Each structure stands twice: as structure tokens, then as C-alpha cells.
$ cat data.txt   # compact mmCIF, C-alpha atoms and all ligand atoms
# COMPACT_ATOMS: atom_id res chain seq x y z
CA MET A 1 120.95 -48.50 -4.72
CA PRO A 2 119.06 -50.83 -7.07
CA ASN A 3 120.91 -49.86 -10.23
CA ARG A 4 124.44 -50.03 -8.96
CA PRO A 5 126.76 -52.02 -11.21
CA TYR A 6 127.01 -55.72 -10.46
CA ILE A 7 130.38 -57.47 -10.63
CA VAL A 8 130.20 -61.24 -10.28
CA GLY A 9 133.05 -63.72 -10.02
CA ASN A 10 132.54 -67.20 -11.46
CA TRP A 11 135.13 -69.46 -9.89
CA LYS A 12 134.14 -72.38 -12.17
CA MET A 13 135.71 -75.68 -10.95
CA ASN A 14 138.37 -73.94 -8.90
CA GLY A 15 138.78 -73.58 -5.19
CA THR A 16 139.06 -75.55 -1.98
CA ARG A 17 138.73 -74.28 1.57
CA ALA A 18 142.26 -72.89 1.29
CA MET A 19 140.85 -70.25 -1.06
CA LEU A 20 138.40 -68.89 1.48
CA ALA A 21 141.11 -66.44 2.53
CA GLU A 22 141.01 -65.02 -1.00
CA ALA A 23 137.22 -64.78 -0.82
CA ARG A 24 137.51 -62.89 2.47
CA ALA A 25 139.94 -60.46 0.85
CA ILE A 26 137.47 -59.93 -2.00
CA ASP A 27 134.76 -59.32 0.57
CA ARG A 28 136.83 -56.72 2.44
CA GLY A 29 137.45 -54.98 -0.89
CA ALA A 30 133.75 -55.09 -1.77
CA ALA A 31 133.00 -53.31 1.50
CA ARG A 32 135.17 -50.41 0.34
CA TYR A 33 133.05 -49.89 -2.80
CA PRO A 34 129.42 -49.70 -1.70
CA SER A 35 128.43 -48.19 -5.05
CA VAL A 36 129.11 -51.62 -6.61
CA ARG A 37 127.28 -54.85 -5.92
CA VAL A 38 129.71 -57.79 -5.74
CA GLY A 39 128.93 -61.50 -5.99
CA VAL A 40 131.06 -64.63 -6.01
CA ALA A 41 129.96 -68.03 -7.32
CA PRO A 42 132.30 -70.73 -6.00
CA PRO A 43 131.92 -74.46 -6.64
CA PHE A 44 129.03 -76.12 -4.74
CA THR A 45 131.42 -77.44 -2.10
CA LEU A 46 132.34 -73.93 -0.97
CA VAL A 47 128.93 -72.26 -1.06
CA SER A 48 128.10 -72.87 2.57
CA ALA A 49 131.52 -71.97 4.00
CA MET A 50 131.76 -68.89 1.81
CA ALA A 51 128.26 -67.72 2.71
CA GLU A 52 129.26 -67.90 6.37
CA ALA A 53 132.58 -66.13 5.76
CA LEU A 54 131.45 -63.18 3.63
CA GLN A 55 129.63 -60.13 4.92
CA THR A 56 129.32 -57.80 1.93
CA ALA A 57 129.61 -59.83 -1.26
CA SER A 58 126.74 -62.15 -2.11
CA VAL A 59 127.43 -65.82 -2.67
CA GLY A 60 125.92 -67.82 -5.49
CA ALA A 61 126.20 -71.11 -7.34
CA GLN A 62 127.07 -71.91 -10.94
CA ASP A 63 124.15 -74.20 -11.74
CA CYS A 64 121.12 -75.88 -10.21
CA HIS A 65 118.74 -78.66 -11.16
CA ALA A 66 115.27 -77.78 -12.41
CA GLU A 67 113.61 -80.08 -9.86
CA ALA A 68 113.55 -79.38 -6.14
CA SER A 69 114.39 -82.95 -5.09
CA GLY A 70 114.32 -86.53 -6.33
CA ALA A 71 116.32 -89.25 -8.03
CA PHE A 72 118.90 -87.05 -9.76
CA THR A 73 122.22 -88.47 -8.63
CA GLY A 74 124.98 -85.90 -8.42
CA ASN A 75 122.74 -82.89 -8.90
CA VAL A 76 122.01 -80.01 -6.54
CA SER A 77 118.65 -78.25 -6.37
CA ALA A 78 117.84 -74.58 -5.93
CA PRO A 79 116.25 -75.03 -2.47
CA MET A 80 119.43 -76.86 -1.38
CA LEU A 81 121.50 -73.90 -2.55
CA GLY A 82 119.30 -71.49 -0.63
CA ASP A 83 119.66 -73.72 2.42
CA ALA A 84 123.46 -73.58 1.99
CA GLY A 85 123.39 -69.78 1.99
CA ALA A 86 123.43 -68.97 -1.73
CA SER A 87 121.43 -65.95 -2.81
CA PHE A 88 121.82 -66.35 -6.58
CA VAL A 89 122.50 -68.95 -9.26
CA ILE A 90 124.18 -68.65 -12.65
CA VAL A 91 122.28 -70.70 -15.24
CA GLY A 92 122.98 -71.43 -18.89
CA HIS A 93 126.72 -70.73 -18.82
CA SER A 94 128.12 -71.64 -22.24
CA GLU A 95 130.32 -74.32 -20.67
CA ARG A 96 127.17 -76.02 -19.40
CA ARG A 97 125.31 -75.49 -22.65
CA ALA A 98 128.23 -77.00 -24.62
CA MET A 99 129.49 -79.70 -22.24
CA HIS A 100 126.22 -80.77 -20.62
CA GLY A 101 123.86 -80.28 -23.55
CA GLU A 102 121.76 -77.65 -21.82
CA THR A 103 119.12 -76.20 -24.12
CA ASP A 104 117.30 -72.89 -23.79
CA SER A 105 114.25 -74.63 -22.35
CA MET A 106 116.38 -76.44 -19.75
CA VAL A 107 118.02 -73.15 -18.82
CA ARG A 108 114.64 -71.51 -18.44
CA ALA A 109 113.40 -74.36 -16.23
CA LYS A 110 116.48 -74.03 -14.02
CA ALA A 111 116.01 -70.27 -13.78
CA GLU A 112 112.36 -70.70 -12.82
CA ALA A 113 113.33 -73.30 -10.19
CA ALA A 114 115.89 -70.90 -8.73
CA LEU A 115 113.35 -68.07 -8.57
CA ALA A 116 110.75 -70.37 -7.00
CA ALA A 117 113.32 -71.15 -4.31
CA GLY A 118 113.68 -67.43 -3.57
CA LEU A 119 117.05 -67.00 -5.30
CA GLU A 120 118.15 -64.50 -7.92
CA VAL A 121 119.32 -65.75 -11.31
CA ILE A 122 121.95 -64.77 -13.84
CA VAL A 123 120.96 -66.18 -17.23
CA CYS A 124 123.92 -66.51 -19.60
CA VAL A 125 123.73 -66.16 -23.37
CA GLY A 126 126.34 -65.77 -26.09
CA GLU A 127 127.26 -66.67 -29.65
CA THR A 128 130.08 -68.90 -30.88
CA GLU A 129 132.78 -67.57 -33.14
CA ALA A 130 131.29 -69.41 -36.13
CA GLU A 131 127.91 -67.79 -35.47
CA ARG A 132 129.52 -64.35 -35.28
CA ASP A 133 131.51 -64.97 -38.48
CA ALA A 134 128.28 -65.98 -40.20
CA GLY A 135 126.64 -62.67 -39.21
CA GLN A 136 124.20 -64.47 -36.90
CA ALA A 137 125.42 -63.25 -33.52
CA GLU A 138 122.51 -60.95 -32.77
CA ALA A 139 119.86 -63.40 -33.93
CA VAL A 140 121.42 -66.23 -31.92
CA VAL A 141 121.77 -64.20 -28.75
CA THR A 142 118.34 -62.57 -28.83
CA GLY A 143 116.86 -65.99 -29.60
CA GLN A 144 118.60 -67.42 -26.53
CA VAL A 145 117.34 -64.53 -24.41
CA ALA A 146 113.77 -65.01 -25.61
CA ALA A 147 113.80 -68.77 -25.01
CA SER A 148 115.89 -68.95 -21.80
CA LEU A 149 114.30 -66.14 -19.79
CA PRO A 150 112.22 -67.26 -16.84
CA GLN A 151 108.57 -66.24 -16.74
CA GLY A 152 106.36 -65.72 -13.71
CA GLU A 153 104.64 -63.21 -11.50
CA GLY A 154 106.91 -60.59 -9.89
CA ILE A 155 110.17 -62.24 -10.88
CA VAL A 156 111.80 -59.61 -13.10
CA PRO A 157 113.63 -57.71 -10.31
CA ARG A 158 115.51 -60.93 -9.50
CA VAL A 159 116.66 -61.61 -13.08
CA THR A 160 120.03 -60.61 -14.54
CA VAL A 161 121.27 -61.46 -18.04
CA ALA A 162 124.95 -62.05 -18.84
CA TYR A 163 126.13 -61.66 -22.42
CA GLU A 164 129.21 -63.82 -22.82
CA PRO A 165 130.47 -64.40 -26.35
CA VAL A 166 131.72 -67.99 -26.26
CA TRP A 167 134.86 -67.07 -28.20
CA ALA A 168 135.81 -64.46 -25.60
CA ILE A 169 135.60 -66.76 -22.57
CA GLY A 170 139.02 -67.61 -21.19
CA THR A 171 140.74 -66.58 -24.44
CA GLY A 172 141.99 -63.07 -23.72
CA ARG A 173 140.00 -61.84 -26.74
CA VAL A 174 137.21 -59.33 -26.25
CA PRO A 175 134.71 -57.76 -28.66
CA SER A 176 135.05 -54.07 -29.44
CA VAL A 177 133.21 -51.68 -27.17
CA ASP A 178 130.93 -50.85 -30.12
CA ASP A 179 130.10 -54.52 -30.64
CA VAL A 180 129.39 -54.98 -26.94
CA GLY A 181 127.12 -51.92 -26.95
CA ALA A 182 125.28 -53.10 -30.07
CA MET A 183 124.65 -56.54 -28.58
CA HIS A 184 123.55 -55.15 -25.23
CA ARG A 185 121.09 -52.83 -27.01
CA ALA A 186 119.69 -55.81 -28.90
CA ILE A 187 119.35 -57.76 -25.64
CA ARG A 188 117.59 -54.78 -24.03
CA ALA A 189 115.13 -54.67 -26.93
CA GLN A 190 114.43 -58.38 -26.45
CA LEU A 191 113.99 -57.90 -22.69
CA LEU A 192 111.41 -55.19 -23.36
CA GLU A 193 109.63 -57.51 -25.76
CA SER A 194 109.70 -60.42 -23.30
CA TYR A 195 108.91 -58.53 -20.09
CA GLY A 196 107.25 -55.34 -21.31
CA ASP A 197 108.28 -52.10 -19.55
CA GLU A 198 109.81 -54.08 -16.68
CA GLY A 199 112.46 -55.30 -19.10
CA ALA A 200 114.12 -51.92 -18.62
CA ILE A 201 115.23 -52.79 -15.08
CA VAL A 202 117.06 -56.02 -15.89
CA ARG A 203 120.82 -55.66 -15.57
CA ILE A 204 122.83 -56.93 -18.52
CA LEU A 205 126.37 -58.01 -17.60
CA TYR A 206 129.20 -58.44 -20.06
CA GLY A 207 131.43 -61.51 -19.61
CA GLY A 208 134.45 -62.86 -21.45
CA SER A 209 138.10 -62.15 -20.59
CA VAL A 210 137.30 -59.12 -18.43
CA ASN A 211 140.38 -58.01 -16.50
CA ALA A 212 141.83 -54.98 -14.72
CA GLY A 213 143.11 -53.57 -18.01
CA ASN A 214 139.93 -53.69 -20.09
CA ALA A 215 137.18 -53.45 -17.46
CA ALA A 216 136.69 -49.68 -17.52
CA ASN A 217 136.23 -49.64 -21.31
CA LEU A 218 133.87 -52.60 -21.38
CA LEU A 219 131.80 -51.29 -18.47
CA ALA A 220 131.38 -47.98 -20.29
CA ALA A 221 129.70 -49.63 -23.28
CA ASP A 222 125.99 -49.00 -23.84
CA GLU A 223 123.62 -50.92 -21.57
CA VAL A 224 126.42 -52.70 -19.69
CA GLY A 225 125.33 -53.04 -16.06
CA GLY A 226 128.31 -54.95 -14.77
CA ALA A 227 130.54 -57.90 -15.52
CA LEU A 228 130.66 -61.66 -15.10
CA VAL A 229 134.30 -62.52 -14.52
CA GLY A 230 135.93 -65.94 -14.68
CA GLY A 231 139.72 -66.21 -14.49
CA ALA A 232 140.26 -62.74 -13.05
CA SER A 233 137.91 -63.42 -10.13
CA LEU A 234 140.09 -66.04 -8.46
CA THR A 235 142.25 -63.60 -6.51
CA ALA A 236 141.46 -60.34 -4.78
CA ASP A 237 144.41 -58.74 -6.55
CA ALA A 238 142.93 -59.47 -9.98
CA PHE A 239 139.26 -59.00 -9.10
CA LEU A 240 139.18 -55.85 -6.99
CA PRO A 241 140.52 -53.54 -9.74
CA ILE A 242 137.49 -54.63 -11.80
CA VAL A 243 135.21 -53.72 -8.89
CA LEU A 244 137.01 -50.38 -8.63
CA ALA A 245 136.50 -49.79 -12.37
CA ALA A 246 132.76 -50.16 -11.80
CA ALA A 247 132.67 -47.86 -8.78
CA SER A 248 131.32 -44.34 -9.02
CA PRO A 249 134.11 -41.85 -9.70
CA ASP A 250 133.61 -40.35 -6.24
CA ALA A 251 133.91 -43.75 -4.52
CA GLU A 252 137.67 -43.45 -3.87
C1 LIG B 301 133.08 -66.95 -17.54
O1 LIG B 301 133.39 -68.11 -17.61
O2 LIG B 301 131.95 -66.63 -17.15
C2 LIG B 301 134.08 -65.95 -17.95
C3 LIG B 301 133.65 -64.77 -18.27
O3 LIG B 301 135.38 -66.37 -17.97
P1 LIG B 301 136.69 -65.47 -18.28
O4 LIG B 301 136.51 -64.18 -17.53
O5 LIG B 301 137.82 -66.30 -17.74
O6 LIG B 301 136.73 -65.28 -19.74
$ encode --input "data.txt" --output "C-alpha cells"
Amino acid sequence: MPNRPYIVGNWKMNGTRAMLAEARAIDRGAARYPSVRVGVAPPFTLVSAMAEALQTASVGAQDCHAEASGAFTGNVSAPMLGDAGASFVIVGHSERRAMHGETDSMVRAKAEAALAAGLEVIVCVGETEAERDAGQAEAVVTGQVAASLPQGEGIVPRVTVAYEPVWAIGTGRVPSVDDVGAMHRAIRAQLLESYGDEGAIVRILYGGSVNAGNAANLLAADEVGGALVGGASLTADAFLPIVLAAASPDAE
């Protein structure tokens, strides 16, 4: 089922081994909805234990270094993540772009490193509130897509894009369904420009304050292929209703 919706939890800097029980509960829930692909990205310290514990949901990381090894104290490389059991990496999250100065070209290098290590990537893009207010949201986001997307032979099936308006992350505010659809259409057009016809197969996730109450609406917007979920991914009780919202109507 290559086009099934993809619901990914980003645990950010949350979680110790005590939370593996929650991850197992998410995994059991994911097994009940085979029409949805589920992923969880815990902090680095939990990747290995979670990869061993989960059977249905895929396990990923929230960042990687662009180099495979070397004198980069405190960093973790893509091959190391693969070795720990990760199957995907989120790159270019707005918190990393803002707090760690990551530029589009750095994000692209990280994405290419992840793909070279055999992982899948989720490339995050999104405008700030000031950029939206200035009428620049679409230009900013499509510019980020164009400059952050990895390039290379045969990579497109392993690339996902996540549109996450910065002002919607962790705030409880979400764009209108029309605005989400308009942005996702613009991202699709850019994907087709960047990757040619293959750009049609790239999933575009929406992220930013997705929860059980708004998921069905947001997932129904044009060109939305799933969701990247922060706060509401930390417990099975909050996360599984979002997975259910993405499931085919005949799944339950
Ligand atoms: C995120 O950080 O990727 C995110 C979407 O967070 P939240 O769901 O908490 O807004």
C-alpha cells in the first residue's frame, strides 16, 4: 500500500525508557490500522530500544549530521542511526532551523546523507507568522522545498515533505483547511518542478498542532498525505485517534 497515509510522531526532547510502554501502546494501535503507515521519532537515546520494542510502527530520528563520521562532538550520523534501528530521519525541523541555524543547504546535505545511509527522510518546511502576514508564505515555503530537497539517483520514493507553519507548532493554532490545501498544492507544483513526474509520488504531511479534534479536517485538505505530530504523539491516547482519522473508512 504505497500511498497509504503516513502519521508520524515527533517526540522532540521528551522521553526516557519509562515511555517505552507508551510507544508499545502506539505500536499495538498501529497494528489495528494497516491502512495507515505510522512512525515515531523519539530522542536519539531511545531509538535503539524503541526499534527493538516496536513491530508495526517505524522508528526514526529527529536529526542527523551530514557527515558519516569524524570529529563532530555531540553529533550523530545517519549510518549510526541505521545501525541503531532507525528507518527514517526528520531533517530541517523549524526548531533546528531556528535554534541551530540550519540553512536549506545544510538540510539538503543531511537529507542526502540519510538517503546514502539507506534511510528515508522527512524534509520539513514552513513559514513564520511574519512571513505569512507579509504575503510571502508560499514563496518562502516553495523556496525552502526547492533548496532543501535531496537530489540523487532513485531517491524520490524515500522522500517525504512535511509542511509545518512555524506559527502553528505547539501553539494550538492551525491554518484553515483551504490555506493548507493551497500550500500543499504549491508544494506539489514545486516537487514536480524539482523531481519531474516522480514528484507526484512524494507524500506531503501537514504538521502544526494536529490533534484528535482537528485531524480529520486537516487530513482531508488537498494533497495532504498524512501528519507530523508533536505534542499529541506523546501518548497512545492522544496519538491513536489521529491514526484512526487517517484510516480508510472501512478500517474499523
Ligand atoms: C512538530 O514539532 O513537528 C509539531 C508538529 O508539533 P505540534 O504537533 O506540537 O504542534
$ residues_near_ligand --input "data.txt" --ligand "ligand LIG 301 (chain B)" --cutoff "8 Å" --atoms "all atoms listed in the file" --output "CSV table (one decimal) with C-alpha atoms, in the coordinates of the input"
chain,number,residue,atom,x,y,z
A,9,GLY,CA,133.0,-63.7,-10.0
A,10,ASN,CA,132.5,-67.2,-11.5
A,12,LYS,CA,134.1,-72.4,-12.2
A,93,HIS,CA,126.7,-70.7,-18.8
A,94,SER,CA,128.1,-71.6,-22.2
A,95,GLU,CA,130.3,-74.3,-20.7
A,164,GLU,CA,129.2,-63.8,-22.8
A,168,ALA,CA,135.8,-64.5,-25.6
A,169,ILE,CA,135.6,-66.8,-22.6
A,170,GLY,CA,139.0,-67.6,-21.2
A,171,THR,CA,140.7,-66.6,-24.4
A,172,GLY,CA,142.0,-63.1,-23.7
A,206,TYR,CA,129.2,-58.4,-20.1
A,207,GLY,CA,131.4,-61.5,-19.6
A,208,GLY,CA,134.4,-62.9,-21.4
A,209,SER,CA,138.1,-62.2,-20.6
A,210,VAL,CA,137.3,-59.1,-18.4
A,211,ASN,CA,140.4,-58.0,-16.5
A,228,LEU,CA,130.7,-61.7,-15.1
A,229,VAL,CA,134.3,-62.5,-14.5
A,230,GLY,CA,135.9,-65.9,-14.7
A,231,GLY,CA,139.7,-66.2,-14.5
A,232,ALA,CA,140.3,-62.7,-13.0
A,233,SER,CA,137.9,-63.4,-10.1
$ closest_residue --input "data.txt" --among "A:Leu234, A:Ala114, A:Ser176, A:Val140" --to "Thr16 (chain A)" --atoms "all atoms listed in the file"
A:Leu234
$ residues_around --input "data.txt" --residues "region 130-132 of chain A" --least-positions-apart "5" --cutoff "12 Å" --atoms "all atoms listed in the file" --output "list in words"
Ala137, Glu138, Ala139, Val140, Val141, Pro165, Val166, Trp167, Ala168, Pro175, Asp179 and Met183 of chain A
$ write_last_selection --input "data.txt" --atoms "C-alpha atoms" --output "PDB file, in the frame of the given file"
ATOM      1  CA  ALA A 137     125.420 -63.250 -33.520  1.00  0.00           C
ATOM      2  CA  GLU A 138     122.510 -60.950 -32.770  1.00  0.00           C
ATOM      3  CA  ALA A 139     119.860 -63.400 -33.930  1.00  0.00           C
ATOM      4  CA  VAL A 140     121.420 -66.230 -31.920  1.00  0.00           C
ATOM      5  CA  VAL A 141     121.770 -64.200 -28.750  1.00  0.00           C
ATOM      6  CA  PRO A 165     130.470 -64.400 -26.350  1.00  0.00           C
ATOM      7  CA  VAL A 166     131.720 -67.990 -26.260  1.00  0.00           C
ATOM      8  CA  TRP A 167     134.860 -67.070 -28.200  1.00  0.00           C
ATOM      9  CA  ALA A 168     135.810 -64.460 -25.600  1.00  0.00           C
ATOM     10  CA  PRO A 175     134.710 -57.760 -28.660  1.00  0.00           C
ATOM     11  CA  ASP A 179     130.100 -54.520 -30.640  1.00  0.00           C
ATOM     12  CA  MET A 183     124.650 -56.540 -28.580  1.00  0.00           C
TER      13      MET A 183
END
$ residues_around --input "data.txt" --residues "Ala212 (chain A)" --least-positions-apart "5" --cutoff "7 Å" --atoms "all atoms listed in the file" --output "mmCIF file with C-alpha atoms, in the frame of the given file"
data_model
loop_
_atom_site.group_PDB
_atom_site.id
_atom_site.type_symbol
_atom_site.label_atom_id
_atom_site.label_comp_id
_atom_site.auth_asym_id
_atom_site.auth_seq_id
_atom_site.Cartn_x
_atom_site.Cartn_y
_atom_site.Cartn_z
ATOM 1 C CA ALA A 238 142.930 -59.470 -9.980
ATOM 2 C CA PRO A 241 140.520 -53.540 -9.740
ATOM 3 C CA ILE A 242 137.490 -54.630 -11.800
#
$ residues_around --input "data.txt" --residues "Ala84 (chain A)" --least-positions-apart "5" --cutoff "10 Å" --atoms "all atoms listed in the file" --output "PDB file with C-alpha atoms, keeping the file's coordinate frame"
ATOM      1  CA  PHE A  44     129.030 -76.120  -4.740  1.00  0.00           C
ATOM      2  CA  THR A  45     131.420 -77.440  -2.100  1.00  0.00           C
ATOM      3  CA  LEU A  46     132.340 -73.930  -0.970  1.00  0.00           C
ATOM      4  CA  VAL A  47     128.930 -72.260  -1.060  1.00  0.00           C
ATOM      5  CA  SER A  48     128.100 -72.870   2.570  1.00  0.00           C
ATOM      6  CA  ALA A  49     131.520 -71.970   4.000  1.00  0.00           C
ATOM      7  CA  MET A  50     131.760 -68.890   1.810  1.00  0.00           C
ATOM      8  CA  ALA A  51     128.260 -67.720   2.710  1.00  0.00           C
ATOM      9  CA  GLU A  52     129.260 -67.900   6.370  1.00  0.00           C
ATOM     10  CA  VAL A  59     127.430 -65.820  -2.670  1.00  0.00           C
ATOM     11  CA  GLY A  60     125.920 -67.820  -5.490  1.00  0.00           C
ATOM     12  CA  ALA A  78     117.840 -74.580  -5.930  1.00  0.00           C
ATOM     13  CA  PRO A  79     116.250 -75.030  -2.470  1.00  0.00           C
TER      14      PRO A  79
END
$ residues_around --input "data.txt" --residues "Gly199 (chain A)" --least-positions-apart "6" --cutoff "9 Å" --atoms "all atoms listed in the file" --output "list in words"
Val156, Arg188, Ala189, Gln190, Leu191, Leu192 and Glu193 of chain A
$ residues_around --input "data.txt" --residues "Phe88 (chain A)" --least-positions-apart "4" --cutoff "9 Å" --atoms "only C-alpha atoms" --output "ChimeraX atom specification"
/A:39,41,58-62,81-82,114-115,118-122,158
$ atom_distance --input "data.txt" --atom1 "CA of Val91 (chain A)" --atom2 "CA of Ala227 (chain A)"
15.2 Å
$ atom_distance --input "data.txt" --atom1 "CA of Gly143 (chain A)" --atom2 "CA of Pro157 (chain A)"
21.2 Å
$ closest_residue --input "data.txt" --among "A:Ala221, A:Ile90, A:Ala182, A:Ala215" --to "Leu244 (chain A)" --atoms "only C-alpha atoms"
A:Ala215
$ build_atoms --input "data.txt" --residues "region 172-183 of chain A" --atoms "all heavy atoms" --output "compact mmCIF listing (two decimals), keeping the file's coordinate frame"
# COMPACT_ATOMS: atom_id res chain seq x y z
N GLY A 172 141.27 -64.34 -23.65
CA GLY A 172 141.99 -63.07 -23.72
C GLY A 172 141.51 -62.19 -24.86
O GLY A 172 142.01 -61.07 -25.04
N ARG A 173 140.54 -62.67 -25.64
CA ARG A 173 140.00 -61.84 -26.74
C ARG A 173 138.68 -61.22 -26.27
O ARG A 173 137.88 -61.90 -25.62
CB ARG A 173 139.74 -62.72 -27.96
CG ARG A 173 141.01 -63.33 -28.53
CD ARG A 173 140.66 -64.45 -29.50
NE ARG A 173 139.81 -63.99 -30.58
CZ ARG A 173 138.99 -64.79 -31.25
NH1 ARG A 173 138.90 -66.08 -30.97
NH2 ARG A 173 138.25 -64.31 -32.22
N VAL A 174 138.48 -59.97 -26.61
CA VAL A 174 137.21 -59.33 -26.25
C VAL A 174 136.63 -58.63 -27.49
O VAL A 174 137.38 -58.18 -28.35
CB VAL A 174 137.36 -58.29 -25.11
CG1 VAL A 174 137.67 -58.94 -23.79
CG2 VAL A 174 138.41 -57.25 -25.44
N PRO A 175 135.31 -58.53 -27.55
CA PRO A 175 134.71 -57.76 -28.66
C PRO A 175 135.04 -56.28 -28.50
O PRO A 175 135.45 -55.84 -27.42
CB PRO A 175 133.21 -57.98 -28.48
CG PRO A 175 133.02 -58.85 -27.29
CD PRO A 175 134.32 -59.04 -26.60
N SER A 176 134.86 -55.52 -29.56
CA SER A 176 135.05 -54.07 -29.44
C SER A 176 133.94 -53.50 -28.57
O SER A 176 132.86 -54.10 -28.42
CB SER A 176 135.00 -53.41 -30.83
OG SER A 176 133.67 -53.48 -31.31
N VAL A 177 134.22 -52.33 -28.01
CA VAL A 177 133.21 -51.68 -27.17
C VAL A 177 131.94 -51.42 -27.98
O VAL A 177 130.82 -51.57 -27.49
CB VAL A 177 133.79 -50.38 -26.58
CG1 VAL A 177 132.72 -49.55 -25.89
CG2 VAL A 177 134.92 -50.71 -25.60
N ASP A 178 132.09 -51.08 -29.25
CA ASP A 178 130.93 -50.85 -30.12
C ASP A 178 130.11 -52.12 -30.28
O ASP A 178 128.87 -52.10 -30.25
CB ASP A 178 131.37 -50.36 -31.51
CG ASP A 178 131.75 -48.89 -31.47
OD1 ASP A 178 131.54 -48.25 -30.43
OD2 ASP A 178 132.28 -48.41 -32.49
N ASP A 179 130.82 -53.25 -30.47
CA ASP A 179 130.10 -54.52 -30.64
C ASP A 179 129.38 -54.92 -29.35
O ASP A 179 128.26 -55.45 -29.38
CB ASP A 179 131.05 -55.64 -31.07
CG ASP A 179 131.41 -55.54 -32.55
OD1 ASP A 179 130.78 -54.73 -33.26
OD2 ASP A 179 132.34 -56.26 -32.99
N VAL A 180 130.05 -54.67 -28.22
CA VAL A 180 129.39 -54.98 -26.94
C VAL A 180 128.14 -54.12 -26.79
O VAL A 180 127.05 -54.62 -26.45
CB VAL A 180 130.36 -54.74 -25.75
CG1 VAL A 180 129.62 -54.86 -24.41
CG2 VAL A 180 131.51 -55.74 -25.79
N GLY A 181 128.27 -52.82 -27.07
CA GLY A 181 127.12 -51.92 -26.95
C GLY A 181 125.98 -52.35 -27.87
O GLY A 181 124.81 -52.36 -27.47
N ALA A 182 126.33 -52.71 -29.10
CA ALA A 182 125.28 -53.10 -30.07
C ALA A 182 124.55 -54.35 -29.58
O ALA A 182 123.31 -54.43 -29.63
CB ALA A 182 125.91 -53.35 -31.44
N MET A 183 125.31 -55.31 -29.05
CA MET A 183 124.65 -56.54 -28.58
C MET A 183 123.80 -56.27 -27.35
O MET A 183 122.68 -56.79 -27.21
CB MET A 183 125.69 -57.63 -28.29
CG MET A 183 125.07 -58.96 -27.96
SD MET A 183 124.09 -59.64 -29.33
CE MET A 183 125.39 -60.44 -30.28
